[in-house]
file run29.csv (CSV, C-alpha atoms)
chain,number,residue,atom,x,y,z
A,1,MET,CA,29.1,-36.3,59.1
A,2,LYS,CA,27.2,-35.8,62.4
A,3,ILE,CA,28.0,-32.9,64.6
A,4,ILE,CA,29.6,-34.1,67.9
A,5,THR,CA,27.3,-33.1,70.7
A,6,LYS,CA,27.5,-32.9,74.5
A,7,ASN,CA,25.9,-36.3,74.8
A,8,THR,CA,28.6,-38.0,72.8
A,9,VAL,CA,30.1,-40.6,75.0
A,10,CYS,CA,33.6,-39.7,73.8
A,11,ALA,CA,35.7,-36.6,73.8
A,12,VAL,CA,37.1,-35.1,70.6
A,13,LEU,CA,40.7,-34.0,70.7
A,14,VAL,CA,42.6,-31.8,68.2
A,15,LEU,CA,46.4,-33.3,67.9
A,16,VAL,CA,49.5,-32.4,66.6
A,17,ALA,CA,50.6,-34.4,68.7
A,18,PHE,CA,52.1,-35.8,71.8
A,19,VAL,CA,52.4,-38.1,74.8
A,20,SER,CA,54.8,-37.9,77.6
A,21,GLY,CA,56.2,-34.7,76.3
A,22,TYR,CA,54.0,-34.6,73.3
A,23,PHE,CA,50.3,-34.0,73.3
A,24,PHE,CA,47.6,-35.4,71.1
A,25,ASN,CA,45.2,-32.9,69.7
A,26,GLU,CA,42.1,-34.6,68.5
A,27,TYR,CA,40.6,-37.8,69.7
A,28,LEU,CA,37.2,-39.5,69.7
A,29,TRP,CA,37.1,-42.5,72.2
A,30,HIS,CA,34.7,-45.3,71.6
A,31,ARG,CA,34.6,-49.1,71.4
A,32,ALA,CA,35.4,-50.8,68.2
A,33,ASP,CA,32.1,-52.5,67.3
A,34,GLN,CA,32.2,-52.8,63.5
A,35,PRO,CA,32.9,-56.2,62.0
A,36,ILE,CA,36.4,-57.0,60.8
A,37,LEU,CA,36.7,-57.6,57.1
A,38,ASP,CA,38.4,-60.9,56.1
A,39,GLU,CA,39.7,-59.2,53.0
A,40,LEU,CA,40.1,-55.6,51.9
A,41,PRO,CA,40.5,-54.3,48.4
A,42,GLY,CA,44.1,-54.5,47.3
A,43,ILE,CA,45.2,-56.1,50.6
A,44,ASP,CA,46.1,-59.8,50.6
A,45,LEU,CA,46.0,-61.0,54.2
A,46,ARG,CA,46.8,-64.5,53.0
A,47,LEU,CA,50.3,-63.3,52.1
A,48,MET,CA,50.8,-62.2,55.7
A,49,SER,CA,49.7,-65.6,56.9
A,50,GLU,CA,52.0,-67.4,54.4
A,51,VAL,CA,55.1,-65.4,55.4
A,52,LEU,CA,54.4,-66.0,59.1
A,53,ASN,CA,53.8,-69.7,58.7
A,54,LYS,CA,57.0,-70.1,56.6
A,55,ALA,CA,59.1,-68.2,59.2
A,56,LEU,CA,57.7,-70.2,62.1
A,57,ALA,CA,58.3,-73.4,60.3
A,58,VAL,CA,62.1,-73.0,60.2
A,59,TYR,CA,62.9,-70.5,62.9
A,60,VAL,CA,65.7,-71.9,65.1
A,61,ASP,CA,64.3,-70.9,68.6
A,62,PRO,CA,60.5,-71.3,68.4
A,63,GLN,CA,60.3,-71.3,72.2
A,64,LYS,CA,61.4,-67.7,72.2
A,65,ILE,CA,58.6,-66.5,70.0
A,66,ASP,CA,55.9,-64.4,71.8
A,67,SER,CA,52.7,-64.8,69.7
A,68,GLN,CA,51.2,-61.6,71.3
A,69,LYS,CA,54.2,-59.6,70.3
A,70,LEU,CA,54.0,-60.9,66.8
A,71,THR,CA,50.4,-59.9,66.7
A,72,TYR,CA,51.0,-56.4,68.0
A,73,GLY,CA,54.1,-56.0,65.8
A,74,ALA,CA,52.2,-57.0,62.6
A,75,ILE,CA,49.4,-54.6,63.4
A,76,SER,CA,51.7,-51.8,64.2
A,77,GLY,CA,53.8,-52.2,61.1
A,78,MET,CA,50.7,-52.4,58.9
A,79,ILE,CA,49.2,-49.2,60.4
A,80,LYS,CA,52.6,-47.4,60.2
A,81,ALA,CA,52.8,-48.3,56.4
A,82,ILE,CA,49.8,-46.1,55.9
A,83,GLY,CA,52.3,-43.3,55.9
A,84,ASP,CA,50.5,-40.9,58.3
A,85,PRO,CA,52.6,-40.0,61.4
A,86,TYR,CA,49.3,-39.4,63.3
A,87,THR,CA,47.8,-42.7,62.5
A,88,VAL,CA,49.2,-45.2,65.1
A,89,PHE,CA,48.4,-48.5,66.8
A,90,PHE,CA,48.9,-48.6,70.6
A,91,ASP,CA,49.4,-51.9,72.4
A,92,PRO,CA,47.8,-52.1,75.9
A,93,GLU,CA,50.8,-50.6,77.7
A,94,GLU,CA,51.1,-47.8,75.1
A,95,ALA,CA,47.4,-47.2,75.3
A,96,LYS,CA,47.6,-46.8,79.1
A,97,LYS,CA,50.4,-44.2,78.8
A,98,PHE,CA,48.3,-42.4,76.2
A,99,ARG,CA,45.4,-42.1,78.5
A,100,GLU,CA,47.7,-40.8,81.3
A,101,ASP,CA,48.9,-38.1,79.0
A,102,ILE,CA,45.4,-37.0,78.2
A,103,SER,CA,44.6,-36.8,81.9
A,104,GLY,CA,47.4,-34.2,82.3
A,105,THR,CA,49.8,-36.1,84.5
A,106,PHE,CA,52.6,-38.5,83.3
A,107,THR,CA,56.3,-39.3,83.8
A,108,GLY,CA,58.7,-38.0,81.2
A,109,ILE,CA,60.6,-34.9,80.4
A,110,GLY,CA,57.8,-32.5,79.4
A,111,ALA,CA,58.4,-31.8,75.8
A,112,GLN,CA,55.6,-31.9,73.2
A,113,LEU,CA,56.7,-33.6,69.9
A,114,GLY,CA,55.3,-33.5,66.4
A,115,MET,CA,56.2,-34.6,62.9
A,116,LYS,CA,57.1,-31.9,60.4
A,117,ASP,CA,58.9,-32.1,57.1
A,118,GLY,CA,59.6,-35.7,57.9
A,119,LYS,CA,61.4,-35.0,61.1
A,120,ILE,CA,60.6,-35.3,64.8
A,121,LYS,CA,60.4,-31.8,66.1
A,122,ILE,CA,59.9,-30.3,69.5
A,123,ILE,CA,56.6,-28.5,69.3
A,124,ALA,CA,57.2,-26.9,72.7
A,125,PRO,CA,58.8,-27.6,76.1
A,126,ILE,CA,56.2,-27.5,78.9
A,127,LYS,CA,56.7,-24.7,81.4
A,128,GLY,CA,58.7,-25.7,84.5
A,129,THR,CA,59.5,-29.2,83.3
A,130,PRO,CA,62.9,-30.9,83.0
A,131,ALA,CA,62.9,-30.3,79.2
A,132,GLU,CA,62.5,-26.6,79.6
A,133,LYS,CA,65.1,-26.4,82.4
A,134,ALA,CA,67.6,-28.4,80.3
A,135,GLY,CA,67.3,-25.9,77.4
A,136,VAL,CA,65.0,-27.8,74.9
A,137,MET,CA,63.6,-25.3,72.5
A,138,ALA,CA,60.5,-25.2,70.2
A,139,GLY,CA,61.7,-26.1,66.7
A,140,ASP,CA,64.6,-28.4,67.8
A,141,VAL,CA,64.8,-31.6,65.7
A,142,ILE,CA,65.3,-34.8,67.7
A,143,PHE,CA,67.7,-37.0,65.7
A,144,GLU,CA,68.8,-39.4,68.5
A,145,VAL,CA,67.4,-40.7,71.8
A,146,ASP,CA,70.0,-42.5,73.9
A,147,LYS,CA,72.2,-42.8,70.7
A,148,LYS,CA,69.3,-44.5,68.8
A,149,SER,CA,68.5,-42.7,65.5
A,150,THR,CA,64.9,-41.4,65.2
A,151,ALA,CA,65.0,-41.8,61.4
A,152,ASP,CA,62.0,-43.8,60.2
A,153,LEU,CA,60.4,-43.7,63.7
A,154,SER,CA,57.0,-42.3,64.3
A,155,VAL,CA,56.3,-39.6,66.9
A,156,ASP,CA,54.8,-42.2,69.3
A,157,GLU,CA,57.8,-44.5,68.9
A,158,VAL,CA,60.1,-41.6,69.8
A,159,VAL,CA,57.9,-40.7,72.7
A,160,ASN,CA,58.1,-44.3,74.0
A,161,LEU,CA,61.9,-44.0,73.9
A,162,ILE,CA,61.9,-40.8,75.9
A,163,ARG,CA,59.5,-42.0,78.5
A,164,GLY,CA,60.7,-43.8,81.6
A,165,GLU,CA,60.6,-44.0,85.3
A,166,LYS,CA,61.0,-40.9,87.5
A,167,GLY,CA,64.6,-40.2,88.3
A,168,THR,CA,66.1,-42.0,85.3
A,169,LYS,CA,68.0,-40.1,82.6
A,170,VAL,CA,67.6,-39.8,78.8
A,171,GLU,CA,69.9,-38.2,76.3
A,172,LEU,CA,68.5,-36.3,73.4
A,173,GLY,CA,70.5,-35.5,70.3
A,174,LEU,CA,69.1,-32.2,68.9
A,175,ILE,CA,69.5,-29.9,65.9
A,176,THR,CA,68.5,-26.4,66.7
A,177,LYS,CA,66.7,-24.0,64.2
A,178,THR,CA,70.2,-22.4,63.6
A,179,GLY,CA,71.7,-25.8,62.6
A,180,GLU,CA,73.7,-26.3,65.8
A,181,VAL,CA,74.0,-29.9,67.1
A,182,LYS,CA,73.6,-30.4,70.8
A,183,TYR,CA,73.2,-33.3,73.2
A,184,LEU,CA,71.2,-32.9,76.4
A,185,GLU,CA,71.0,-35.3,79.3
A,186,ILE,CA,67.6,-34.9,81.0
A,187,THR,CA,66.3,-36.5,84.2
A,188,ARG,CA,62.8,-37.7,83.9
A,189,ASP,CA,60.2,-36.6,86.4
A,190,GLU,CA,56.5,-36.6,87.0
A,191,ILE,CA,54.9,-34.0,84.7
A,192,LYS,CA,51.7,-32.2,85.7
A,193,LEU,CA,50.6,-30.1,82.8
A,194,PRO,CA,49.6,-26.5,83.6
A,195,THR,CA,46.5,-25.3,81.8
A,196,VAL,CA,45.6,-21.6,82.3
A,197,GLU,CA,47.0,-18.6,84.1
A,198,VAL,CA,46.1,-14.9,84.2
A,199,GLU,CA,48.3,-12.0,85.3
A,200,ILE,CA,47.2,-8.3,85.5
A,201,LYS,CA,49.6,-6.0,83.8
A,202,GLU,CA,49.9,-2.4,82.7
A,203,THR,CA,50.6,-0.8,79.3
A,204,ALA,CA,53.1,2.0,78.9
A,205,SER,CA,50.2,4.5,79.2
A,206,GLY,CA,49.1,2.9,82.5
A,207,LYS,CA,46.1,1.0,81.2
A,208,LYS,CA,45.3,-2.2,83.1
A,209,VAL,CA,45.3,-5.3,80.9
A,210,ALA,CA,45.4,-9.1,81.5
A,211,LEU,CA,47.9,-11.5,80.2
A,212,LEU,CA,45.9,-14.7,79.7
A,213,THR,CA,48.0,-17.8,79.0
A,214,ILE,CA,46.6,-21.1,77.9
A,215,TYR,CA,49.3,-23.8,78.1
A,216,GLN,CA,47.3,-26.7,76.6
A,217,PHE,CA,43.7,-28.0,76.2
A,218,SER,CA,43.5,-31.0,78.6
A,219,GLU,CA,40.5,-32.4,80.3
A,220,THR,CA,40.6,-29.8,83.1
A,221,VAL,CA,41.2,-26.7,81.0
A,222,LEU,CA,37.6,-25.4,80.7
A,223,ALA,CA,37.1,-25.2,84.5
A,224,ASP,CA,40.5,-23.6,84.9
A,225,PHE,CA,39.8,-21.1,82.1
A,226,GLN,CA,36.4,-20.2,83.5
A,227,LYS,CA,38.0,-19.5,86.9
A,228,ASN,CA,40.7,-17.3,85.4
A,229,ALA,CA,38.4,-15.6,83.0
A,230,ASN,CA,36.2,-14.5,85.9
A,231,ILE,CA,39.3,-13.1,87.7
A,232,LEU,CA,40.0,-11.2,84.5
A,233,LEU,CA,36.5,-9.8,84.3
A,234,ASN,CA,36.5,-8.7,87.9
A,235,SER,CA,39.9,-7.1,87.6
A,236,GLY,CA,38.8,-4.2,85.5
A,237,ALA,CA,41.3,-5.0,82.8
A,238,LYS,CA,40.6,-3.1,79.6
A,239,GLY,CA,42.4,-5.5,77.2
A,240,ILE,CA,43.7,-9.0,76.9
A,241,ILE,CA,47.0,-10.5,75.7
A,242,LEU,CA,46.0,-14.1,74.8
A,243,ASP,CA,49.3,-16.0,74.9
A,244,LEU,CA,49.1,-19.3,72.9
A,245,ARG,CA,52.8,-19.7,72.5
A,246,ASN,CA,54.1,-23.3,73.0
A,247,ASP,CA,50.5,-24.5,73.4
A,248,PRO,CA,50.4,-27.8,71.5
A,249,GLY,CA,46.7,-28.3,71.5
A,250,GLY,CA,44.4,-30.9,73.2
A,251,LEU,CA,40.7,-31.6,73.4
A,252,LEU,CA,38.6,-30.1,70.6
A,253,ASP,CA,35.4,-30.0,72.6
A,254,GLN,CA,37.2,-27.9,75.3
A,255,THR,CA,38.6,-25.6,72.5
A,256,ASP,CA,35.0,-25.1,71.2
A,257,LYS,CA,33.8,-24.0,74.6
A,258,ILE,CA,36.7,-21.7,75.3
A,259,ALA,CA,36.3,-20.1,71.8
A,260,GLY,CA,32.7,-19.3,72.8
A,261,TRP,CA,34.0,-16.9,75.5
A,262,PHE,CA,35.7,-14.8,72.8
A,263,ILE,CA,33.2,-14.8,69.9
A,264,LYS,CA,29.5,-14.3,69.6
A,265,LYS,CA,27.0,-17.2,69.8
A,266,GLY,CA,26.4,-18.8,66.4
A,267,ALA,CA,29.8,-17.8,65.0
A,268,THR,CA,31.8,-20.5,63.2
A,269,ILE,CA,34.8,-21.9,65.1
A,270,LEU,CA,36.1,-24.3,62.5
A,271,VAL,CA,34.9,-26.7,59.8
A,272,GLU,CA,35.8,-30.4,59.7
A,273,GLN,CA,35.9,-32.3,56.4
A,274,ASP,CA,36.0,-36.1,56.2
A,275,LYS,CA,37.2,-38.5,53.4
A,276,ASP,CA,33.8,-38.3,51.7
A,277,MET,CA,33.9,-34.5,51.7
A,278,ASN,CA,31.2,-34.3,54.3
A,279,ARG,CA,31.5,-31.1,56.4
A,280,THR,CA,30.8,-30.5,60.0
A,281,VAL,CA,30.6,-26.9,61.2
A,282,HIS,CA,31.5,-26.2,64.8
A,283,ILE,CA,29.4,-23.3,66.1
A,284,SER,CA,30.0,-21.1,69.2
A,285,GLU,CA,27.6,-21.6,72.0
A,286,GLY,CA,28.7,-18.5,73.9
A,287,PRO,CA,28.7,-17.0,76.5
A,288,ALA,CA,30.8,-14.4,74.6
A,289,SER,CA,31.8,-12.7,77.9
A,290,LEU,CA,35.2,-11.6,76.5
A,291,GLU,CA,33.9,-10.7,73.0
A,292,ASN,CA,34.0,-6.9,73.4
A,293,ILE,CA,37.4,-6.7,75.2
A,294,PRO,CA,40.2,-5.6,72.9
A,295,THR,CA,42.5,-8.6,72.5
A,296,VAL,CA,45.8,-9.5,70.8
A,297,ILE,CA,47.1,-13.0,70.3
A,298,LEU,CA,50.7,-14.3,70.8
A,299,VAL,CA,51.8,-17.3,68.8
A,300,ASN,CA,55.0,-19.2,67.8
A,301,GLU,CA,56.1,-22.4,66.2
A,302,GLY,CA,55.0,-24.3,69.3
A,303,THR,CA,51.4,-23.1,68.8
A,304,ALA,CA,49.6,-26.2,67.4
A,305,SER,CA,46.4,-27.9,66.6
A,306,ALA,CA,43.7,-26.8,69.1
A,307,ALA,CA,45.6,-23.7,69.9
A,308,GLU,CA,45.7,-22.9,66.1
A,309,ILE,CA,41.9,-23.5,66.0
A,310,LEU,CA,41.4,-20.9,68.7
A,311,ALA,CA,43.8,-18.4,67.0
A,312,GLY,CA,42.2,-18.9,63.6
A,313,ALA,CA,38.6,-18.6,65.0
A,314,LEU,CA,39.4,-15.3,66.8
A,315,ARG,CA,41.4,-14.0,63.8
A,316,ASP,CA,38.6,-14.7,61.3
A,317,ASN,CA,35.7,-13.7,63.4
A,318,ARG,CA,37.2,-10.6,65.1
A,319,GLN,CA,40.1,-9.7,62.9
A,320,LEU,CA,42.4,-9.7,65.9
A,321,PRO,CA,46.1,-9.0,65.6
A,322,ILE,CA,48.3,-12.1,65.8
A,323,ILE,CA,51.9,-11.4,66.9
A,324,GLY,CA,54.9,-13.6,66.9
A,325,GLU,CA,55.9,-16.4,64.5
A,326,THR,CA,54.1,-18.8,62.1
A,327,THR,CA,52.4,-21.6,64.0
A,328,PHE,CA,53.2,-25.3,63.8
A,329,GLY,CA,50.6,-26.2,61.1
A,330,LYS,CA,48.5,-29.1,62.4
A,331,GLY,CA,45.2,-29.2,60.5
A,332,LEU,CA,44.2,-32.8,61.0
A,333,VAL,CA,41.7,-34.5,63.3
A,334,GLN,CA,42.3,-37.9,64.8
A,335,GLN,CA,39.9,-40.3,66.6
A,336,VAL,CA,41.0,-43.0,69.0
A,337,VAL,CA,39.2,-46.4,69.0
A,338,ASP,CA,39.4,-48.8,71.9
A,339,ILE,CA,40.3,-52.3,70.8
A,340,GLU,CA,39.5,-55.5,72.6
A,341,GLY,CA,42.3,-56.5,75.1
A,342,GLY,CA,43.2,-52.9,76.1
A,343,SER,CA,45.0,-51.8,72.9
A,344,SER,CA,43.7,-48.8,70.8
A,345,LEU,CA,44.0,-47.2,67.4
A,346,LYS,CA,44.5,-43.5,66.7
A,347,VAL,CA,43.6,-42.7,63.1
A,348,THR,CA,43.4,-39.4,61.2
A,349,ARG,CA,39.7,-39.0,60.2
A,350,ALA,CA,39.3,-35.4,59.0
A,351,LYS,CA,40.9,-32.2,58.0
A,352,TRP,CA,39.9,-28.9,59.6
A,353,PHE,CA,39.5,-25.5,58.2
A,354,THR,CA,39.4,-22.0,59.8
A,355,PRO,CA,36.1,-20.1,59.5
A,356,ASN,CA,37.4,-18.4,56.4
A,357,GLY,CA,38.1,-21.7,54.8
A,358,GLU,CA,41.9,-21.9,55.3
A,359,LEU,CA,43.5,-25.3,55.6
A,360,ILE,CA,46.6,-24.8,57.8
A,361,GLN,CA,48.1,-28.3,57.6
A,362,ASP,CA,51.9,-28.1,57.1
A,363,ILE,CA,51.4,-24.3,56.6
A,364,GLY,CA,50.4,-22.8,59.9
A,365,ILE,CA,48.9,-19.5,60.7
A,366,LYS,CA,51.0,-16.6,59.8
A,367,PRO,CA,51.2,-13.7,62.3
A,368,THR,CA,49.9,-10.3,61.2
A,369,ILE,CA,52.9,-8.8,62.9
A,370,GLU,CA,56.0,-11.0,62.8
A,371,VAL,CA,58.3,-10.8,65.8
A,372,LYS,CA,61.0,-13.4,66.4
A,373,LEU,CA,62.1,-14.6,69.8
A,374,THR,CA,65.8,-15.6,69.8
A,375,GLU,CA,67.8,-17.8,72.2
A,376,ASP,CA,69.7,-14.7,73.2
A,377,ASP,CA,66.3,-13.1,74.1
A,378,ILE,CA,65.5,-16.1,76.3
A,379,ALA,CA,68.9,-16.1,77.9
A,380,ASN,CA,68.6,-12.4,78.7
A,381,ASN,CA,65.0,-12.8,79.9
A,382,VAL,CA,63.7,-10.5,77.1
A,383,ASP,CA,60.4,-11.1,75.4
A,384,PRO,CA,60.0,-8.9,72.3
A,385,GLN,CA,56.7,-10.7,71.3
A,386,TYR,CA,55.0,-9.9,74.6
A,387,ALA,CA,56.4,-6.3,74.4
A,388,LYS,CA,54.9,-5.9,71.0
A,389,GLY,CA,51.6,-7.4,72.1
A,390,LEU,CA,51.5,-4.9,75.0
A,391,GLU,CA,52.3,-2.0,72.6
A,392,GLU,CA,49.6,-3.0,70.0
A,393,LEU,CA,47.0,-3.6,72.8
A,394,ASP,CA,47.6,-0.1,74.1
A,395,LYS,CA,46.7,1.2,70.7
A,396,LEU,CA,43.4,-0.8,70.6
A,397,ILE,CA,42.1,0.3,73.9
A,398,LYS,CA,40.0,3.5,73.6
call {"tool": "encode", "arguments": {"input": "run29.csv", "output": "structure tokens"}}
result
Amino acid sequence: MKIITKNTVCAVLVLVAFVSGYFFNEYLWHRADQPILDELPGIDLRLMSEVLNKALAVYVDPQKIDSQKLTYGAISGMIKAIGDPYTVFFDPEEAKKFREDISGTFTGIGAQLGMKDGKIKIIAPIKGTPAEKAGVMAGDVIFEVDKKSTADLSVDEVVNLIRGEKGTKVELGLITKTGEVKYLEITRDEIKLPTVEVEIKETASGKKVALLTIYQFSETVLADFQKNANILLNSGAKGIILDLRNDPGGLLDQTDKIAGWFIKKGATILVEQDKDMNRTVHISEGPASLENIPTVILVNEGTASAAEILAGALRDNRQLPIIGETTFGKGLVQQVVDIEGGSSLKVTRAKWFTPNGELIQDIGIKPTIEVKLTEDDIANNVDPQYAKGLEELDKLIK
């Protein structure tokens, strides 16, 4: 497998997943220019044609049949039958929404979704969005959208149910991590995804430190990160709390570049492995400006994909403390191919491993110091994970 370079026409993303409340984490965009095979091993396309012809021959209302919908429906069903929740066909309208999500602005409720244990789960609510304000929590299972069951639906199908025009309402049926069933009616709004934020804090002993939060890895995250990293460097902060909680991931190339600020040039960030067992090693290009600053990392169940890559790279290269809860566990890479007519195909193309060779798919990254954040903590505006991070960082600063 070739290493993706700066000159590659497309961007590589690292998804868990989501659109309109759920983000996609790994995508390679390009035109589909390979010939279509008339027949594939084990697949009888003649059967599909025969079934369609027989149905159309006797269907009572032929004038109501939309041939384009039949085409998209057949393709969508075929791709869904692969059995991978991250391999999805988008018709032109869905593909348009997908691109909007990657750009960082869309209309929805602001909750990232993912598939785990066969269920549609909230990876994380986005800060300041209708989902967060309504009380949606990381780890909640969505079992209904407007009374429609999500059983047997893909992540993208649930996303499409949740999306809608600004000002309209959607009702989610949720099961919390404690087993409680709750229904939330949420008003859709325009969602502009935050990227990076830095705040200067103090430890109990009076040491100046920086709380550096990365919310997600969108197209604009690198420029925002560089600006905030320079603020951090000029502040005189002696340590960093890197907050990756509820960060669902995003663009892999952006993650590579941000990781290069924390680890030395030439260090391994991650390793990709494709279906033929070919491996591509992602290497840090620097500038390593934050490499020698004591750092602790905060994670939770909403830390996914690209955020897990960054946490794993820093853990394996610098043995940094990771505080919080086990991460989501998204260790797959997707690529998105543009199809003639405006549709597109998102397909899982590789697995990724941490520098130490750990595959985190469905497992996640376990914290070195486990600290849970409860609903009561949130209701009382208490953050024991951050408090523990501050305490541990104080010990690391000499």
call {"tool": "closest_residue", "arguments": {"input": "run29.csv", "among": "A:Asn356, A:Asn292, A:Ser343, A:Thr348", "to": "Arg315 (chain A)", "atoms": "only C-alpha atoms"}}
result
A:Asn356
call {"tool": "closest_residue", "arguments": {"input": "run29.csv", "among": "A:Ala151, A:Leu252, A:Met78, A:Ile241", "to": "Pro294 (chain A)", "atoms": "all atoms listed in the file"}}
result
A:Ile241
call {"tool": "closest_residue", "arguments": {"input": "run29.csv", "among": "A:Glu325, A:Asp316, A:Glu340, A:Glu308", "to": "Ile263 (chain A)", "atoms": "all atoms listed in the file"}}
result
A:Asp316
call {"tool": "atom_distance", "arguments": {"input": "run29.csv", "atom1": "CA of Ile109 (chain A)", "atom2": "CA of Ala134 (chain A)"}}
result
9.6 Å
call {"tool": "residues_around", "arguments": {"input": "run29.csv", "residues": "region 110-118 of chain A", "least_positions_apart": "6", "cutoff": "10 Å", "atoms": "all atoms listed in the file", "output": "PyMOL selection string"}}
result
chain A and resi 15-24+84-86+124-133+136-142+151-156+158-159+162-163+188-193+246-249+302+304+328-330+362
call {"tool": "atom_distance", "arguments": {"input": "run29.csv", "atom1": "CA of Leu242 (chain A)", "atom2": "CA of Pro367 (chain A)"}}
result
13.5 Å
call {"tool": "residues_around", "arguments": {"input": "run29.csv", "residues": "region 389-396 of chain A", "least_positions_apart": "5", "cutoff": "10 Å", "atoms": "all atoms listed in the file", "output": "ChimeraX atom specification"}}
result
/A:201-211,238-243,293-298,321-324,369,371,384
